[in-house]
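Reading through the structure tokens given below for one structure.
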Amino acid sequence: MNPVRLLPAGDRAWLLEADDPARLPAFARSLEREAPEGVEDVLPAARTALVTLRAGADREAAGREVLRRWRALPASGGGADDADDDGDGLGGAEVVTIPVRYDGEDLADVADLLGTTPEDVVARHTGTTWRCAFVGFAPGFGYLTSPDRRLVVPRRRQSRTAVPAGAVALADGYSAVYPRRSPGGWQVVGTTDAVLWDPAADPPALLRPGSGVRFVREGA
């Protein structure tokens, strides 16, 4: 495994390249709960975290503290991803419930890829607490990971030119809900009426890095 690196990103940010990416959500929560002096924001991604500083902050001092906080986190293999973890890997983060109609066009194909039945795919999807690892692609699009990794399927061979808002999908070990109509190549297994992105809301995104997500079958 490569060592952790802290790289300058412009004149007011550091980019942390993680040696243990599974700890990134816990790292972001740690900085949100108690930000080091000079730190304004932290944005985790799949393998990195962008730490933005306030104007006039001591860049080097903030960087040293960011690294110290990263190294103080428990290893992801230890069964907890921060000091408040209760065993679900969420560290006490909020858990959002999303009702789903499992009527997706790709549900049968996903079952075939996994060598199982559509009903089992639904059971697996609803039977775990997912975690929002990071947000990207579009505002409100959360990349959700599952600790049991029982729904790892590839993207579709042919992307769709338009996936409707509310499509619940799987790809490359992640699940997600499309917050708006957009092109996409993920395997669509269902649909939801949940609003993932509302500019008038505070906060506008339903999901944040570190949030837990439980999918429930609508009408069950």
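Convention: chains lettered A, B, ... in structure tokens order; per-chain residue numbering from 1; ligands numbered from 1 as shown.
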
Counting only C-alpha atoms, give me one row per residue of stretch 19-45 of chain A with an atom at most 12 Å from an atom of stretch 141-150 of chain A, showing the shortest contact pair and its distance in Å to one decimal, sorted by chain then residue number, as JSON lines.
```
{"residue": "A:Ala22", "atom": "CA", "partner": "A:Thr145", "partner_atom": "CA", "distance": 10.0}
{"residue": "A:Pro25", "atom": "CA", "partner": "A:Thr145", "partner_atom": "CA", "distance": 11.1}
{"residue": "A:Pro44", "atom": "CA", "partner": "A:Tyr143", "partner_atom": "CA", "distance": 11.1}
{"residue": "A:Ala45", "atom": "CA", "partner": "A:Tyr143", "partner_atom": "CA", "distance": 9.2}
```

Store the residues picked out above, limited to all heavy atoms, as a short mmCIF file (atom, residue, chain, number, x, y, z; two decimals), in the first residue's frame.
```
data_model
loop_
_atom_site.label_atom_id
_atom_site.label_comp_id
_atom_site.auth_asym_id
_atom_site.auth_seq_id
_atom_site.Cartn_x
_atom_site.Cartn_y
_atom_site.Cartn_z
N ALA A 22 -10.78 3.42 2.81
CA ALA A 22 -11.99 3.10 3.58
C ALA A 22 -12.17 4.02 4.78
O ALA A 22 -13.26 4.13 5.33
CB ALA A 22 -11.94 1.64 4.05
N PRO A 25 -14.50 8.47 4.83
CA PRO A 25 -15.72 9.03 5.44
C PRO A 25 -15.53 9.39 6.91
O PRO A 25 -16.01 10.42 7.38
CB PRO A 25 -16.76 7.92 5.25
CG PRO A 25 -16.28 7.16 4.06
CD PRO A 25 -14.77 7.17 4.18
N PRO A 44 -14.48 14.43 0.69
CA PRO A 44 -13.88 13.14 0.36
C PRO A 44 -14.31 12.65 -1.01
O PRO A 44 -15.41 12.97 -1.48
CB PRO A 44 -14.41 12.22 1.46
CG PRO A 44 -15.73 12.82 1.84
CD PRO A 44 -15.58 14.31 1.65
N ALA A 45 -13.46 11.88 -1.65
CA ALA A 45 -13.77 11.20 -2.91
C ALA A 45 -13.43 9.72 -2.72
O ALA A 45 -13.35 9.23 -1.60
CB ALA A 45 -13.00 11.82 -4.06
#
```

Inset, instruction - List every residue of chain A that DSSP, applied to the backbone of this structure, assigns to strand (DSSP E), and report them as a VMD selection string. - result: chain A and resid 5 to 8 13 to 17 39 to 44 48 to 53 95 to 100 130 to 135 142 to 145 160 to 163 167 to 171 174 to 177 182 to 184 187 to 191 212 to 217

Legend entry - stretch 214-220 of chain A environment, 12 Å, only C-alpha atoms, sequence neighbours closer than 4 positions dropped, as a count of residues only: 38

Legend entry - A:Gly140, A:Pro8, A:Pro199, A:Pro204 ranked by distance to A:Gly63, top pick (using only C-alpha atoms): A:Pro8

Legend entry - Selection: 6 Å around stretch 32-43 of chain A, only C-alpha atoms, excl. self and same-chain fewer than 5 positions, as a ChimeraX atom specification: /A:49-54,57

Legend entry - Residues flagged helix (DSSP H, G or I) by DSSP in stretch 12-195 of chain A, as a PyMOL selection string: chain A and resi 21-33+59-72+76-78+107-114+118-126

Inset, instruction - Name the residues in contact with A:Ala46 at a cut-off of 10 Å, using only C-alpha atoms, excluding same-chain residues fewer than 6 positions from it; report them as a PyMOL selection string. - result: chain A and resi 17-18+21-22+24-25+133-136+143

Dump N, CA, C and O atoms for the selected residues as a CSV table (one decimal), in the first residue's frame?
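Listing of again_29.csv after writing:
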```csv
chain,number,residue,atom,x,y,z
A,17,GLU,N,-4.0,12.2,-0.4
A,17,GLU,CA,-4.1,10.9,-1.1
A,17,GLU,C,-4.0,9.8,-0.1
A,17,GLU,O,-3.0,9.6,0.5
A,18,ALA,N,-5.1,9.1,0.1
A,18,ALA,CA,-5.2,8.1,1.2
A,18,ALA,C,-4.5,6.8,1.0
A,18,ALA,O,-4.4,6.3,-0.1
A,21,PRO,N,-8.2,4.1,1.8
A,21,PRO,CA,-9.4,4.9,1.4
A,21,PRO,C,-10.7,4.6,2.2
A,21,PRO,O,-11.6,5.5,2.3
A,22,ALA,N,-10.8,3.4,2.8
A,22,ALA,CA,-12.0,3.1,3.6
A,22,ALA,C,-12.2,4.0,4.8
A,22,ALA,O,-13.3,4.1,5.3
A,24,LEU,N,-11.8,7.3,4.7
A,24,LEU,CA,-12.1,8.7,4.2
A,24,LEU,C,-13.4,9.2,4.8
A,24,LEU,O,-13.4,10.4,5.3
A,25,PRO,N,-14.5,8.5,4.8
A,25,PRO,CA,-15.7,9.0,5.4
A,25,PRO,C,-15.5,9.4,6.9
A,25,PRO,O,-16.0,10.4,7.4
A,133,ALA,N,-20.0,7.0,0.5
A,133,ALA,CA,-18.6,7.2,0.6
A,133,ALA,C,-18.2,8.6,0.1
A,133,ALA,O,-17.3,9.2,0.7
A,134,PHE,N,-18.8,9.0,-1.0
A,134,PHE,CA,-18.5,10.4,-1.5
A,134,PHE,C,-19.6,10.8,-2.4
A,134,PHE,O,-20.5,10.0,-2.8
A,135,VAL,N,-19.6,12.0,-2.9
A,135,VAL,CA,-20.7,12.6,-3.8
A,135,VAL,C,-20.0,13.1,-5.0
A,135,VAL,O,-18.9,13.7,-4.9
A,136,GLY,N,-20.5,12.8,-6.2
A,136,GLY,CA,-19.9,13.2,-7.4
A,136,GLY,C,-20.8,13.0,-8.6
A,136,GLY,O,-22.0,12.6,-8.4
A,143,TYR,N,-22.3,8.1,-3.9
A,143,TYR,CA,-21.7,6.7,-4.2
A,143,TYR,C,-21.8,5.9,-2.9
A,143,TYR,O,-21.1,6.2,-2.0
```

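Nearest to A:Pro164 of all the residues A:Gly210, A:Gly104, A:Pro3, A:Pro203 is A:Gly104, counting only C-alpha atoms.
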
Legend entry - Pick from A:Leu151, A:Val4, A:Leu15, A:Leu170 nearest to A:Gly115, counting only C-alpha atoms: A:Leu151
